[in-house]
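Undergrad: Sharing a structure here in structure tokens format.
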Amino acid sequence: QLVDEDLLMVTEIFKSLKIVREVDLEGNSMLSDRSLLPLLKQLHDGPGAHKHLRSLSLRGCMGSTNPEGVQRVLTAISDLILNQVPYLIFLDISGVCMGPKTHLALCQAIKEHPRLKSVGLADVKLGFDTPDVRECIDILLQTPTLQSLDLAWNSFDDEIFEKLGEAMVGTQCLKNLGVSNCACNGK
């Protein structure tokens, strides 16, 4: 289990790396914005990730981070996706407790990325008081490169499930859709 001080040391090492292909911090719930923001800044500005980063997993990170810190990290991730990592194909931020205002910008960044194939958004509170849940789902389902989308442990109504089903039938690209343990708030 990494803590912020550990990741800050690793981030220092990243400054000397010419190639970074994968960052997997899954399950490190003790990490906070204090260490994740410098890491994301290094991935954004440093030489190692610009053209090489293929996989980023922050699944289960930031378990004790306050909502403002989570917002800052997710904004940095959106910016990274949109501007600096054109070859990213895997992103997993499952288990990160997002606020309702965060979902839409992140989904838009995912859609606009030229190569993302697999996205994990399980248990990110999508649908729990998220005013833009339908728009978020529409955006994600319109992502032309997306082959795998994990939306498990979120809360959707029957309209969202219908939309997801129709998308799976009509899609050429999306092959895997994870919706296990999704609560259904009927009409």
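So you can find residues: chains in the structure tokens are A, B, ... in the order shown, residues in each start at 1, and ligands are numbered from 1 in order.
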Could you pull the residues within 10 Å of Leu7 (chain A), counting only C-alpha atoms, minus those fewer than 2 positions along the same chain, as a list of chain:residue names?
TA: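 Here the answer would be A:Leu2, A:Val3, A:Asp4, A:Glu5, A:Met9, A:Val10, A:Thr11, A:Glu12, A:Ile13, A:Leu25, A:Leu31, A:Ser32, A:Arg34, A:Ser35, A:Leu36, A:Pro38, A:Leu39.
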Undergrad: With only C-alpha atoms as the atoms that count, which of A:Ser148, A:Ser78, A:Ser16, A:Ser118 lies nearest to Leu104 (chain A)?
TA: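 Counting only C-alpha atoms, the residue closest to Leu104 (chain A) is A:Ser78.
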Undergrad: Just list as a ChimeraX atom specification whatever in region 43-180 of chain A DSSP marks as helix (DSSP H, G or I).
TA: /A:43-45,67-83,102-112,133-141,158-170
Undergrad: With only C-alpha atoms as the counted atoms, please give the residues lying no more than 6 Å from region 119-133 of chain A, apart from itself and same-chain residues fewer than 2 positions off, as a VMD selection string.
TA: chain A and resid 91 to 98 100 135 to 136 149 to 156
Undergrad: Would you please work out which residue, of A:Asp158, A:Glu112, A:Asp6, A:Asp33, is nearest to Pro67 (chain A) when using only C-alpha atoms?
TA: A:Asp33
Undergrad: Let's see if you can do this: from backbone DSSP, list all strand (DSSP E or B) residues in region 97-178 of chain A, as an MDAnalysis selection string.
TA: chainID A and resid 118:120 148:150 155:156 176:178
Undergrad: Mind giving me the straight-line distance from CA of Val23 (chain A) to CA of Leu80 (chain A) in Å, one decimal?
TA: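 Atom-to-atom, CA of Val23 (chain A) and CA of Leu80 (chain A) are spaced 13.2 Å apart.
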Undergrad: In Å, with one decimal, what is the gap from CA of Ile110 (chain A) to CA of Leu174 (chain A)?
TA: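 Rounded to one decimal, the two atoms are 14.0 Å apart.
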Undergrad: CA of Arg115 (chain A) and CA of Asp79 (chain A) are how many Å apart?
TA: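 Pair CA of Arg115 (chain A) / CA of Asp79 (chain A) returns 15.4 Å.
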